[in-house]
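Dumped entry.tsv below, it's TSV, C-alpha atoms:
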chain	number	residue	atom	x	y	z
J	1	GLU	CA	107.04	184.67	142.88
J	2	ASP	CA	108.30	186.22	139.63
J	3	LYS	CA	111.42	187.81	141.11
J	4	ASN	CA	114.52	187.91	138.90
J	5	TYR	CA	117.27	189.10	141.21
J	6	THR	CA	120.58	190.04	139.62
J	7	SER	CA	122.50	188.99	142.76
J	8	GLN	CA	121.78	186.07	145.08
J	9	VAL	CA	119.07	186.34	147.73
J	10	VAL	CA	119.61	183.98	150.69
J	11	ILE	CA	116.76	182.61	152.78
J	12	THR	CA	118.00	180.96	155.99
J	13	LYS	CA	117.51	180.84	159.74
J	14	GLY	CA	118.50	183.66	162.07
J	15	LYS	CA	122.12	184.21	163.04
J	16	ASP	CA	121.75	186.13	166.32
J	17	ALA	CA	121.86	184.28	169.65
J	18	SER	CA	118.40	183.16	170.89
J	19	HIS	CA	117.04	183.76	167.40
J	20	ASN	CA	119.00	181.13	165.49
J	21	GLY	CA	117.07	177.94	166.23
J	22	ARG	CA	115.54	175.47	163.82
J	23	VAL	CA	113.24	176.88	161.16
J	24	ILE	CA	110.61	174.35	160.05
J	25	PHE	CA	108.13	174.87	157.22
J	26	GLU	CA	105.22	172.44	157.63
J	27	ASN	CA	101.88	172.48	155.86
J	28	SER	CA	98.71	171.01	157.33
J	29	GLY	CA	94.97	170.88	156.84
J	30	ALA	CA	93.01	169.57	153.86
J	31	LEU	CA	94.87	168.74	150.67
J	32	THR	CA	93.94	171.02	147.76
J	33	PRO	CA	95.29	171.29	144.18
J	34	SER	CA	98.83	172.67	143.93
J	35	TYR	CA	99.31	172.36	147.67
J	36	TRP	CA	102.97	172.72	148.63
J	37	THR	CA	104.91	173.31	151.81
J	38	PHE	CA	107.21	175.81	150.06
J	39	SER	CA	107.15	177.11	146.49
J	40	ILE	CA	109.36	179.26	144.27
J	41	SER	CA	107.95	180.23	140.87
J	42	GLY	CA	109.38	182.35	138.08
J	43	CYS	CA	112.41	183.45	140.08
J	44	THR	CA	116.19	183.75	139.61
J	45	ASN	CA	119.13	183.60	142.06
J	46	ILE	CA	117.49	182.44	145.29
J	47	LYS	CA	119.30	180.23	147.82
J	48	LEU	CA	117.63	178.21	150.59
J	49	ILE	CA	120.11	177.06	153.24
J	50	GLY	CA	119.84	175.37	156.63
J	51	LEU	CA	116.03	175.06	156.66
J	52	GLU	CA	113.63	172.17	157.28
J	53	PHE	CA	110.55	171.30	155.20
J	54	THR	CA	107.88	168.69	155.94
J	55	THR	CA	104.11	168.07	155.99
J	56	SER	CA	101.48	166.78	158.39
J	57	ILE	CA	98.85	166.19	155.69
J	58	THR	CA	97.78	162.54	155.60
J	59	SER	CA	95.09	162.51	152.88
J	60	ASP	CA	96.14	161.35	149.40
J	61	ALA	CA	92.95	162.47	147.66
J	62	ASN	CA	94.93	164.64	145.22
J	63	PRO	CA	98.41	163.11	145.36
J	64	TYR	CA	100.08	164.55	142.27
J	65	SER	CA	99.77	168.15	143.47
J	66	MET	CA	101.43	167.58	146.85
J	67	ASP	CA	105.12	168.51	147.00
J	68	ILE	CA	107.18	169.55	149.95
J	69	VAL	CA	109.43	171.98	148.02
J	70	ASN	CA	108.23	173.01	144.56
J	71	ILE	CA	110.42	174.99	142.13
J	72	GLY	CA	108.89	176.09	138.82
J	73	HIS	CA	109.88	178.24	135.83
J	74	SER	CA	113.00	179.39	137.67
J	75	LYS	CA	116.77	179.65	137.18
J	76	ASN	CA	119.81	179.43	139.44
J	77	ILE	CA	117.88	178.26	142.50
J	78	ILE	CA	120.04	176.61	145.21
J	79	ILE	CA	118.73	174.27	147.92
J	80	ASP	CA	121.63	173.63	150.30
J	81	SER	CA	122.08	171.89	153.68
J	82	CYS	CA	118.34	171.48	154.24
J	83	ILE	CA	116.24	168.64	155.67
J	84	ILE	CA	113.29	167.78	153.41
J	85	ILE	CA	110.94	165.00	154.53
J	86	SER	CA	107.82	163.59	152.84
J	87	ASN	CA	105.47	161.22	154.62
J	88	GLY	CA	104.69	159.62	151.25
J	89	ILE	CA	101.92	161.69	149.71
J	90	GLY	CA	104.23	163.69	147.47
J	91	ASP	CA	107.77	164.43	146.32
J	92	PRO	CA	110.21	166.08	148.74
J	93	ILE	CA	111.51	168.18	145.81
J	94	GLU	CA	109.75	168.75	142.50
J	95	MET	CA	111.24	170.98	139.81
J	96	SER	CA	109.59	171.83	136.50
J	97	TYR	CA	110.61	174.16	133.66
J	98	ASP	CA	113.82	175.17	135.46
J	99	THR	CA	117.43	175.80	134.39
J	100	THR	CA	120.80	175.43	136.19
J	101	CYS	CA	119.53	174.74	139.70
J	102	THR	CA	121.60	173.14	142.48
J	103	ILE	CA	120.52	170.62	145.13
J	104	SER	CA	123.47	170.16	147.50
J	105	HIS	CA	124.28	168.61	150.89
J	106	ASN	CA	120.67	167.96	151.90
J	107	HIS	CA	118.96	165.12	153.74
J	108	ILE	CA	116.01	164.20	151.51
J	109	GLU	CA	113.74	161.36	152.60
J	110	VAL	CA	110.43	159.70	151.86
J	111	LEU	CA	109.36	157.98	155.06
J	112	THR	CA	108.16	154.38	155.08
J	113	ASN	CA	104.58	154.46	153.82
J	114	SER	CA	101.98	152.51	151.87
J	115	TYR	CA	100.45	155.42	149.93
J	116	ASP	CA	99.65	154.57	146.31
J	117	THR	CA	100.98	157.94	145.18
J	118	GLN	CA	104.03	159.33	143.45
J	119	ASN	CA	106.80	160.07	145.93
J	120	ASP	CA	110.15	160.43	144.19
J	121	CYS	CA	112.80	161.98	146.43
J	122	ILE	CA	113.59	164.38	143.57
J	123	TRP	CA	111.47	164.86	140.43
J	124	ILE	CA	112.77	167.12	137.63
J	125	GLY	CA	111.17	167.65	134.23
J	126	ASP	CA	110.42	169.85	131.22
J	127	GLY	CA	113.33	172.23	131.81
J	128	ALA	CA	116.52	173.21	129.99
J	129	GLY	CA	118.76	171.16	132.30
J	130	GLY	CA	122.19	172.12	133.58
J	131	HIS	CA	121.33	171.09	137.14
J	132	THR	CA	123.74	169.92	139.84
J	133	ILE	CA	122.74	167.30	142.45
J	134	ILE	CA	125.72	166.85	144.76
J	135	GLY	CA	126.54	165.62	148.25
J	136	ASN	CA	123.00	164.62	149.27
J	137	THR	CA	121.65	161.71	151.29
J	138	LEU	CA	118.49	160.45	149.55
J	139	ILE	CA	116.35	157.76	151.18
J	140	ALA	CA	113.24	156.24	149.58
J	141	GLY	CA	111.06	154.37	152.05
J	142	GLY	CA	107.81	153.80	150.21
J	143	THR	CA	106.32	150.56	149.00
J	144	ASN	CA	105.02	150.37	145.46
J	145	ASN	CA	102.45	147.82	144.39
J	146	SER	CA	101.16	149.67	141.33
J	147	LEU	CA	102.57	151.47	138.29
J	148	THR	CA	102.98	154.69	140.28
J	149	HIS	CA	106.60	155.87	140.12
J	150	LYS	CA	108.55	155.90	143.36
J	151	ASP	CA	112.08	156.62	142.27
J	152	ILE	CA	114.95	158.23	144.18
J	153	ILE	CA	115.77	160.70	141.38
J	154	GLN	CA	113.52	160.92	138.34
J	155	MET	CA	113.97	163.20	135.32
J	156	SER	CA	111.97	163.43	132.12
J	157	VAL	CA	111.98	165.70	129.04
J	158	GLU	CA	114.89	167.67	130.48
J	159	GLY	CA	117.58	169.33	128.31
J	160	SER	CA	118.07	171.76	125.44
J	161	THR	CA	120.06	172.43	122.28
J	162	SER	CA	122.60	174.20	124.51
J	163	ARG	CA	123.58	170.75	125.88
J	164	LEU	CA	124.16	172.05	129.39
J	165	GLN	CA	126.09	169.82	131.77
J	166	MET	CA	124.01	167.86	134.26
J	167	THR	CA	126.04	166.72	137.29
J	168	ILE	CA	125.00	164.02	139.77
J	169	ALA	CA	127.87	163.41	142.19
J	170	ASN	CA	128.86	162.35	145.72
J	171	ASN	CA	125.34	161.30	146.70
J	172	ILE	CA	124.18	158.33	148.77
J	173	LEU	CA	120.93	156.88	147.35
J	174	THR	CA	119.09	154.11	149.19
J	175	PHE	CA	115.75	152.42	148.56
J	176	LEU	CA	114.81	150.73	151.82
J	177	ASP	CA	111.66	148.70	151.31
J	178	GLU	CA	112.19	145.17	150.04
J	179	SER	CA	108.52	144.78	149.08
J	180	ALA	CA	108.61	147.68	146.62
J	181	ILE	CA	108.37	146.97	142.90
J	182	GLY	CA	109.32	149.43	140.17
J	183	GLY	CA	111.21	151.93	142.30
J	184	GLN	CA	114.33	153.04	140.41
J	185	GLY	CA	117.51	154.74	141.59
J	186	ILE	CA	118.43	157.47	139.10
J	187	TYR	CA	115.76	157.27	136.37
J	188	MET	CA	116.26	159.65	133.43
J	189	ASP	CA	113.82	158.85	130.63
J	190	ASN	CA	112.83	160.57	127.39
J	191	MET	CA	115.60	163.08	127.95
J	192	LEU	CA	116.51	165.86	125.55
J	193	SER	CA	120.10	166.84	124.70
J	194	ASN	CA	122.42	166.80	127.74
J	195	ARG	CA	125.98	166.22	128.90
J	196	LEU	CA	125.55	164.03	131.98
J	197	LEU	CA	128.44	163.65	134.43
J	198	CYS	CA	127.65	161.02	137.08
J	199	TYR	CA	130.40	160.17	139.58
J	200	ASN	CA	131.18	159.04	143.15
J	201	ASN	CA	127.60	158.00	143.96
J	202	ILE	CA	126.66	155.06	146.15
J	203	ILE	CA	123.35	153.50	145.04
J	204	VAL	CA	121.86	150.64	147.07
J	205	MET	CA	118.56	149.18	145.88
J	206	ASN	CA	116.76	146.68	148.11
J	207	THR	CA	113.60	146.51	146.00
J	208	LYS	CA	112.23	143.50	144.13
J	209	GLU	CA	112.27	145.06	140.66
J	210	ASN	CA	114.47	148.03	139.95
J	211	THR	CA	117.34	149.46	137.97
J	212	PRO	CA	119.79	151.68	139.88
J	213	LEU	CA	120.81	153.93	136.96
J	214	ILE	CA	118.85	154.56	133.75
J	215	TYR	CA	119.54	157.15	131.05
J	216	LYS	CA	117.42	157.11	127.88
J	217	GLU	CA	117.27	159.99	125.44
J	218	ASP	CA	114.21	160.71	123.31
J	219	GLY	CA	115.75	159.01	120.25
J	220	THR	CA	117.72	161.78	118.57
J	221	ASN	CA	121.13	160.59	119.88
J	222	ARG	CA	122.60	163.89	121.02
J	223	SER	CA	123.52	163.24	124.65
J	224	SER	CA	126.87	162.28	126.14
J	225	VAL	CA	126.96	160.32	129.40
J	226	ARG	CA	130.07	159.93	131.58
J	227	ILE	CA	129.80	157.49	134.49
J	228	TYR	CA	132.80	157.31	136.85
J	229	ASN	CA	133.60	155.80	140.27
J	230	ASN	CA	130.07	154.80	141.30
J	231	THR	CA	129.24	151.87	143.58
J	232	ILE	CA	125.93	150.26	142.58
J	233	VAL	CA	124.28	147.40	144.45
J	234	THR	CA	121.00	145.85	143.35
J	235	GLY	CA	118.97	142.69	143.83
J	236	GLY	CA	115.68	141.14	142.82
J	237	THR	CA	114.82	140.83	139.13
J	238	SER	CA	116.42	144.03	137.90
J	239	ASP	CA	116.82	144.59	134.14
J	240	GLY	CA	120.32	145.85	134.71
J	241	GLY	CA	122.67	147.67	137.03
J	242	ILE	CA	122.96	150.38	134.38
J	243	GLN	CA	120.44	150.76	131.54
J	244	ILE	CA	121.35	152.98	128.59
J	245	GLY	CA	119.49	154.04	125.44
J	246	ASN	CA	119.78	156.47	122.51
J	247	LEU	CA	123.16	158.07	123.25
J	248	ASP	CA	125.81	159.76	121.17
J	249	THR	CA	128.68	159.18	123.65
J	250	LEU	CA	129.22	156.82	126.60
J	251	ILE	CA	132.28	156.83	128.86
J	252	MET	CA	132.03	154.41	131.77
J	253	LYS	CA	135.04	153.75	134.02
J	254	ASN	CA	136.02	152.70	137.55
J	255	ASN	CA	132.52	151.63	138.62
J	256	VAL	CA	131.58	148.73	140.91
J	257	LEU	CA	128.34	146.97	139.88
J	258	ILE	CA	127.14	144.28	142.28
J	259	MET	CA	124.09	142.18	141.41
J	260	ASP	CA	123.30	140.36	144.63
J	261	SER	CA	120.62	137.97	143.34
J	262	ALA	CA	120.73	134.99	140.97
J	263	ASN	CA	117.59	136.43	139.35
J	264	ASN	CA	119.36	139.58	138.14
J	265	HIS	CA	119.41	139.78	134.37
J	266	LYS	CA	122.20	142.06	133.18
J	267	ASN	CA	124.94	144.24	134.58
J	268	ILE	CA	124.66	146.60	131.59
J	269	TYR	CA	121.56	146.69	129.43
J	270	PHE	CA	121.57	148.70	126.18
J	271	VAL	CA	117.97	149.39	125.16
J	272	GLU	CA	116.04	151.13	122.38
J	273	SER	CA	118.64	152.17	119.74
J	274	GLY	CA	121.02	149.67	121.34
J	275	PHE	CA	124.76	149.48	121.74
J	276	GLY	CA	125.79	149.82	118.09
J	277	ASP	CA	124.26	153.27	117.56
J	278	ILE	CA	126.40	154.91	120.25
J	279	LYS	CA	128.99	156.78	118.20
J	280	TYR	CA	131.74	156.91	120.83
J	281	LYS	CA	132.23	154.34	123.61
J	282	ASP	CA	134.99	154.03	126.22
J	283	ILE	CA	134.20	151.35	128.82
J	284	ASP	CA	136.96	149.96	131.06
J	285	TYR	CA	138.39	149.50	134.58
J	286	ASN	CA	135.01	148.46	136.00
J	287	GLN	CA	134.30	145.75	138.57
J	288	TYR	CA	131.26	143.53	137.90
J	289	TYR	CA	129.81	140.81	140.07
J	290	ARG	CA	126.77	138.62	139.70
J	291	PRO	CA	125.94	135.03	140.74
J	292	THR	CA	126.69	132.33	138.25
J	293	ASP	CA	123.58	132.40	136.04
J	294	TYR	CA	123.98	133.85	132.54
J	295	GLY	CA	127.73	133.19	132.64
J	296	GLY	CA	128.34	135.32	135.71
J	297	VAL	CA	128.16	138.73	134.02
J	298	GLY	CA	125.41	139.91	131.67
J	299	ILE	CA	125.93	142.47	128.93
J	300	ASP	CA	122.97	143.09	126.63
J	301	THR	CA	124.31	144.86	123.56
J	302	ASN	CA	121.13	145.53	121.64
J	303	GLY	CA	117.90	144.53	123.31
J	304	TYR	CA	117.80	140.80	124.06
J	305	ARG	CA	121.22	140.10	122.48
J	306	SER	CA	123.34	139.05	125.41
J	307	ALA	CA	127.12	138.85	125.29
J	308	THR	CA	129.18	136.65	127.56
J	309	TRP	CA	132.13	138.19	129.35
J	310	ALA	CA	134.55	136.75	126.77
J	311	GLN	CA	132.46	138.06	123.87
J	312	TRP	CA	132.21	141.48	125.49
J	313	GLN	CA	135.95	141.78	125.98
J	314	ALA	CA	136.53	140.55	122.42
J	315	LEU	CA	134.63	143.62	121.26
J	316	GLY	CA	137.33	145.74	122.94
J	317	TYR	CA	135.56	146.77	126.14
J	318	ASP	CA	136.44	146.29	129.82
J	319	THR	CA	139.90	145.00	128.90
J	320	HIS	CA	141.22	145.88	132.37
J	321	SER	CA	138.03	145.09	134.28
J	322	ASP	CA	137.19	142.16	136.56
J	323	THR	CA	134.19	140.03	137.49
J	324	GLY	CA	135.07	138.81	140.98
J	325	SER	CA	133.23	139.42	144.22
J	326	VAL	CA	134.25	142.51	146.20
Would you kindly transcribe this structure into structure tokens?
Amino acid sequence: EDKNYTSQVVITKGKDASHNGRVIFENSGALTPSYWTFSISGCTNIKLIGLEFTTSITSDANPYSMDIVNIGHSKNIIIDSCIIISNGIGDPIEMSYDTTCTISHNHIEVLTNSYDTQNDCIWIGDGAGGHTIIGNTLIAGGTNNSLTHKDIIQMSVEGSTSRLQMTIANNILTFLDESAIGGQGIYMDNMLSNRLLCYNNIIVMNTKENTPLIYKEDGTNRSSVRIYNNTIVTGGTSDGGIQIGNLDTLIMKNNVLIMDSANNHKNIYFVESGFGDIKYKDIDYNQYYRPTDYGGVGIDTNGYRSATWAQWQALGYDTHSDTGSV
């Protein structure tokens, strides 16, 4: 706690023969406030690599204080090639008030559970941004029959006037439980100023009500969002494959958006300030598919104003895109 190292400090398993087996951090006993398996607070330049983190606590009496790995008020923290498992009473990774941290090449999972508690695979909030989430496998297995968030990646009030780049790339995100309602894929809400680069992700949502990718700024229209080469599959009664609000810049190319239910509403849904307030837009070379309701492809340009595919292309977008099944 409160260690600001000028060079990187690595925490990992042993390297010598007979001393290089698995290292597992597991908490147990009664759940108390701010109860974590592993915590870093107020530190700089620490790397966790090749470790395992889990819990055997089964009481959800104080669910919002239970995290497996908790990072707070820190900078340049790296979590790499780890296994982080929650049984459903808390988030595998929670980060708050942090800057330029990296979550890379981990297996992060919330096991199948019926706890009525928050269990996002990754929760990030109230920091200056600049984080990198790359090369991870993220699996959400919890049901959700209340308003409690159970998202794969959730961010809120994250960013700064420095407009640091936030990168989410090369991840596989899966929500397993078909009975879940309200579990999102990448859910970034009430964000501050950022430059988001989101590419090469595979997002598969099996939940009843969900949106795979949401980015909404706090209303000041400072963020740029670039979305490239993602494959997004969703079903149920989703409000959109991608939901966007309050941006300055949107570039969206080479994505595959598959809506696998006739009840899906929109492939792209522009909310809050709507489509017209985005100052710069470049949207093309995407592949959309949805069953035949709403004209086959749904584009909502400004909150409940839907455009048909022909109307959307007439506006100058997705000129080289297609709407067939893949």
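Atom CA of J:Phe275 is found 11.8 Å from atom CA of J:Asn221.
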Between atom CA of J:Thr249 and atom CA of J:Lys279 - distance in Å to one decimal: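 Between atom CA of J:Lys279 and atom CA of J:Thr249 the gap is 6.0 Å.
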6 Å contact set for J:Ile85, all atoms listed in the file, chain neighbours under 2 positions out, as a PyMOL selection string: chain J and resi 54+92+108-110
Selection to disk with C-alpha atoms, as a CSV table (one decimal), keeping the file's coordinate frame:
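This went into out07.csv:
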chain,number,residue,atom,x,y,z
J,54,THR,CA,107.9,168.7,155.9
J,92,PRO,CA,110.2,166.1,148.7
J,108,ILE,CA,116.0,164.2,151.5
J,109,GLU,CA,113.7,161.4,152.6
J,110,VAL,CA,110.4,159.7,151.9
Identify the residues within 9 Å of coordinate (127.7, 163.4, 137.1) (same frame as the file), considering only C-alpha atoms, and give the answer as an NGL selection string. :J and (132-134 or 165-170 or 195-201 or 225-228)
Name all residues at most 9 Å from J:Gly142 (count all atoms listed in the file; drop same-chain ones fewer than 3 positions away) and give them as a PyMOL selection string. chain J and resi 87-88+110-115+119+150+175-177+180+183
Six-sided padding of 8 Å per side, axis-aligned box over stretch 163-172 of chain J, centre and edges in Å, one decimal, as JSON:
{"center_x": 126.2, "center_y": 165.2, "center_z": 137.3, "size_x": 21.3, "size_y": 29.7, "size_z": 38.9}
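Coordinates place atom CA of J:Ala17 at a distance of 25.9 Å from atom CA of J:Phe38.
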Between J:Ala128, J:Leu138, J:Ile244, J:Val23, which one has atoms that come closest to J:Leu192, using only C-alpha atoms? J:Ala128
Close residues, J:Ile79 itself excluded, 7 Å, only C-alpha atoms, min 4 positions apart in chain, as a ChimeraX atom specification: /J:47-49,102-104
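Using only C-alpha atoms, the nearest neighbour of J:Asp189 within the list J:Thr211, J:Ile202, J:Gly245, J:Ser273 is J:Gly245.
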Spatial neighbours of J:Phe270, 10 Å, all atoms listed in the file, chain gap at least 6 places, as a PyMOL selection string: chain J and resi 214-216+240+242-247+276+278+299-306
Would you kindly return, as an MDAnalysis selection string, each protein, DNA or RNA residue with an atom no farther than 6 Å from any atom of stretch 286-288 of chain J, considering only C-alpha atoms and excluding same-chain residues fewer than 6 positions away? chainID J and resid 253:257 321:323
Could you write out the selected residues, including C-alpha atoms, as a compact mmCIF listing (two decimals), keeping the file's coordinate frame?
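Resulting contents of result29.txt:
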# COMPACT_ATOMS: atom_id res chain seq x y z
CA LYS J 253 135.04 153.75 134.02
CA ASN J 254 136.02 152.70 137.55
CA ASN J 255 132.52 151.63 138.62
CA VAL J 256 131.58 148.73 140.91
CA LEU J 257 128.34 146.97 139.88
CA SER J 321 138.03 145.09 134.28
CA ASP J 322 137.19 142.16 136.56
CA THR J 323 134.19 140.03 137.49
Among the residues J:Gly135, J:Gly42, J:Gly298, J:Gly159, the one that comes closest to J:Ser224 [using all atoms listed in the file]: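 Using all atoms listed in the file, J:Ser224 sits closest to J:Gly159.
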Hey, can you pull every residue with an atom no more than 12 Å from (104.7, 162.2, 146.1), using all atoms listed in the file, and send it as JSON, numbers by chain? {"J": [35, 36, 55, 57, 58, 59, 60, 61, 62, 63, 64, 65, 66, 67, 68, 69, 70, 85, 86, 87, 88, 89, 90, 91, 92, 93, 94, 109, 110, 111, 113, 114, 115, 116, 117, 118, 119, 120, 121, 122, 123, 140, 141, 142, 144, 148, 149, 150, 151, 152, 154]}
Output the selection as a PDB file, in the frame of the given file - C-alpha atoms for each residue.
ATOM      1  CA  TYR J  35      99.310 172.360 147.670  1.00  0.00           C
ATOM      2  CA  TRP J  36     102.970 172.720 148.630  1.00  0.00           C
ATOM      3  CA  THR J  55     104.110 168.070 155.990  1.00  0.00           C
ATOM      4  CA  ILE J  57      98.850 166.190 155.690  1.00  0.00           C
ATOM      5  CA  THR J  58      97.780 162.540 155.600  1.00  0.00           C
ATOM      6  CA  SER J  59      95.090 162.510 152.880  1.00  0.00           C
ATOM      7  CA  ASP J  60      96.140 161.350 149.400  1.00  0.00           C
ATOM      8  CA  ALA J  61      92.950 162.470 147.660  1.00  0.00           C
ATOM      9  CA  ASN J  62      94.930 164.640 145.220  1.00  0.00           C
ATOM     10  CA  PRO J  63      98.410 163.110 145.360  1.00  0.00           C
ATOM     11  CA  TYR J  64     100.080 164.550 142.270  1.00  0.00           C
ATOM     12  CA  SER J  65      99.770 168.150 143.470  1.00  0.00           C
ATOM     13  CA  MET J  66     101.430 167.580 146.850  1.00  0.00           C
ATOM     14  CA  ASP J  67     105.120 168.510 147.000  1.00  0.00           C
ATOM     15  CA  ILE J  68     107.180 169.550 149.950  1.00  0.00           C
ATOM     16  CA  VAL J  69     109.430 171.980 148.020  1.00  0.00           C
ATOM     17  CA  ASN J  70     108.230 173.010 144.560  1.00  0.00           C
ATOM     18  CA  ILE J  85     110.940 165.000 154.530  1.00  0.00           C
ATOM     19  CA  SER J  86     107.820 163.590 152.840  1.00  0.00           C
ATOM     20  CA  ASN J  87     105.470 161.220 154.620  1.00  0.00           C
ATOM     21  CA  GLY J  88     104.690 159.620 151.250  1.00  0.00           C
ATOM     22  CA  ILE J  89     101.920 161.690 149.710  1.00  0.00           C
ATOM     23  CA  GLY J  90     104.230 163.690 147.470  1.00  0.00           C
ATOM     24  CA  ASP J  91     107.770 164.430 146.320  1.00  0.00           C
ATOM     25  CA  PRO J  92     110.210 166.080 148.740  1.00  0.00           C
ATOM     26  CA  ILE J  93     111.510 168.180 145.810  1.00  0.00           C
ATOM     27  CA  GLU J  94     109.750 168.750 142.500  1.00  0.00           C
ATOM     28  CA  GLU J 109     113.740 161.360 152.600  1.00  0.00           C
ATOM     29  CA  VAL J 110     110.430 159.700 151.860  1.00  0.00           C
ATOM     30  CA  LEU J 111     109.360 157.980 155.060  1.00  0.00           C
ATOM     31  CA  ASN J 113     104.580 154.460 153.820  1.00  0.00           C
ATOM     32  CA  SER J 114     101.980 152.510 151.870  1.00  0.00           C
ATOM     33  CA  TYR J 115     100.450 155.420 149.930  1.00  0.00           C
ATOM     34  CA  ASP J 116      99.650 154.570 146.310  1.00  0.00           C
ATOM     35  CA  THR J 117     100.980 157.940 145.180  1.00  0.00           C
ATOM     36  CA  GLN J 118     104.030 159.330 143.450  1.00  0.00           C
ATOM     37  CA  ASN J 119     106.800 160.070 145.930  1.00  0.00           C
ATOM     38  CA  ASP J 120     110.150 160.430 144.190  1.00  0.00           C
ATOM     39  CA  CYS J 121     112.800 161.980 146.430  1.00  0.00           C
ATOM     40  CA  ILE J 122     113.590 164.380 143.570  1.00  0.00           C
ATOM     41  CA  TRP J 123     111.470 164.860 140.430  1.00  0.00           C
ATOM     42  CA  ALA J 140     113.240 156.240 149.580  1.00  0.00           C
ATOM     43  CA  GLY J 141     111.060 154.370 152.050  1.00  0.00           C
ATOM     44  CA  GLY J 142     107.810 153.800 150.210  1.00  0.00           C
ATOM     45  CA  ASN J 144     105.020 150.370 145.460  1.00  0.00           C
ATOM     46  CA  THR J 148     102.980 154.690 140.280  1.00  0.00           C
ATOM     47  CA  HIS J 149     106.600 155.870 140.120  1.00  0.00           C
ATOM     48  CA  LYS J 150     108.550 155.900 143.360  1.00  0.00           C
ATOM     49  CA  ASP J 151     112.080 156.620 142.270  1.00  0.00           C
ATOM     50  CA  ILE J 152     114.950 158.230 144.180  1.00  0.00           C
ATOM     51  CA  GLN J 154     113.520 160.920 138.340  1.00  0.00           C
TER      52      GLN J 154
END
Taking all atoms listed in the file into account, name the residue in J:Met252, J:Met259, J:Gly324, J:Phe53 that is nearest to J:Tyr285.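 Comparing J:Met252, J:Met259, J:Gly324, J:Phe53 against J:Tyr285, the winner is J:Met252.
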Repair of stretch 84-95 of chain J at the level of N, CA, C and O atoms, as a PDB file, in the coordinates of the input:
ATOM      1  N   ILE J  84     114.556 167.766 154.142  1.00  0.00           N
ATOM      2  CA  ILE J  84     113.290 167.780 153.410  1.00  0.00           C
ATOM      3  C   ILE J  84     112.676 166.391 153.520  1.00  0.00           C
ATOM      4  O   ILE J  84     113.238 165.417 153.008  1.00  0.00           O
ATOM      5  N   ILE J  85     111.539 166.292 154.199  1.00  0.00           N
ATOM      6  CA  ILE J  85     110.940 165.000 154.530  1.00  0.00           C
ATOM      7  C   ILE J  85     109.511 164.940 154.000  1.00  0.00           C
ATOM      8  O   ILE J  85     108.700 165.839 154.260  1.00  0.00           O
ATOM      9  N   SER J  86     109.193 163.860 153.265  1.00  0.00           N
ATOM     10  CA  SER J  86     107.820 163.590 152.840  1.00  0.00           C
ATOM     11  C   SER J  86     107.314 162.355 153.578  1.00  0.00           C
ATOM     12  O   SER J  86     108.051 161.384 153.761  1.00  0.00           O
ATOM     13  N   ASN J  87     106.063 162.395 153.982  1.00  0.00           N
ATOM     14  CA  ASN J  87     105.470 161.220 154.620  1.00  0.00           C
ATOM     15  C   ASN J  87     104.926 160.225 153.590  1.00  0.00           C
ATOM     16  O   ASN J  87     104.377 159.187 153.961  1.00  0.00           O
ATOM     17  N   GLY J  88     105.068 160.556 152.293  1.00  0.00           N
ATOM     18  CA  GLY J  88     104.690 159.620 151.250  1.00  0.00           C
ATOM     19  C   GLY J  88     103.578 160.083 150.342  1.00  0.00           C
ATOM     20  O   GLY J  88     103.259 159.406 149.363  1.00  0.00           O
ATOM     21  N   ILE J  89     102.994 161.246 150.594  1.00  0.00           N
ATOM     22  CA  ILE J  89     101.920 161.690 149.710  1.00  0.00           C
ATOM     23  C   ILE J  89     102.412 162.659 148.638  1.00  0.00           C
ATOM     24  O   ILE J  89     101.617 163.227 147.902  1.00  0.00           O
ATOM     25  N   GLY J  90     103.698 162.829 148.523  1.00  0.00           N
ATOM     26  CA  GLY J  90     104.230 163.690 147.470  1.00  0.00           C
ATOM     27  C   GLY J  90     105.745 163.658 147.449  1.00  0.00           C
ATOM     28  O   GLY J  90     106.386 163.010 148.271  1.00  0.00           O
ATOM     29  N   ASP J  91     106.322 164.380 146.490  1.00  0.00           N
ATOM     30  CA  ASP J  91     107.770 164.430 146.320  1.00  0.00           C
ATOM     31  C   ASP J  91     108.388 165.417 147.311  1.00  0.00           C
ATOM     32  O   ASP J  91     107.880 166.531 147.453  1.00  0.00           O
ATOM     33  N   PRO J  92     109.505 165.078 147.942  1.00  0.00           N
ATOM     34  CA  PRO J  92     110.210 166.080 148.740  1.00  0.00           C
ATOM     35  C   PRO J  92     110.623 167.302 147.921  1.00  0.00           C
ATOM     36  O   PRO J  92     110.471 168.428 148.373  1.00  0.00           O
ATOM     37  N   ILE J  93     111.168 167.067 146.700  1.00  0.00           N
ATOM     38  CA  ILE J  93     111.510 168.180 145.810  1.00  0.00           C
ATOM     39  C   ILE J  93     110.938 167.892 144.428  1.00  0.00           C
ATOM     40  O   ILE J  93     111.157 166.814 143.873  1.00  0.00           O
ATOM     41  N   GLU J  94     110.198 168.842 143.893  1.00  0.00           N
ATOM     42  CA  GLU J  94     109.750 168.750 142.500  1.00  0.00           C
ATOM     43  C   GLU J  94     110.148 170.024 141.784  1.00  0.00           C
ATOM     44  O   GLU J  94     109.883 171.133 142.257  1.00  0.00           O
ATOM     45  N   MET J  95     110.795 169.857 140.614  1.00  0.00           N
ATOM     46  CA  MET J  95     111.240 170.980 139.810  1.00  0.00           C
ATOM     47  C   MET J  95     110.705 170.839 138.397  1.00  0.00           C
ATOM     48  O   MET J  95     110.867 169.785 137.786  1.00  0.00           O
TER      49      MET J  95
END
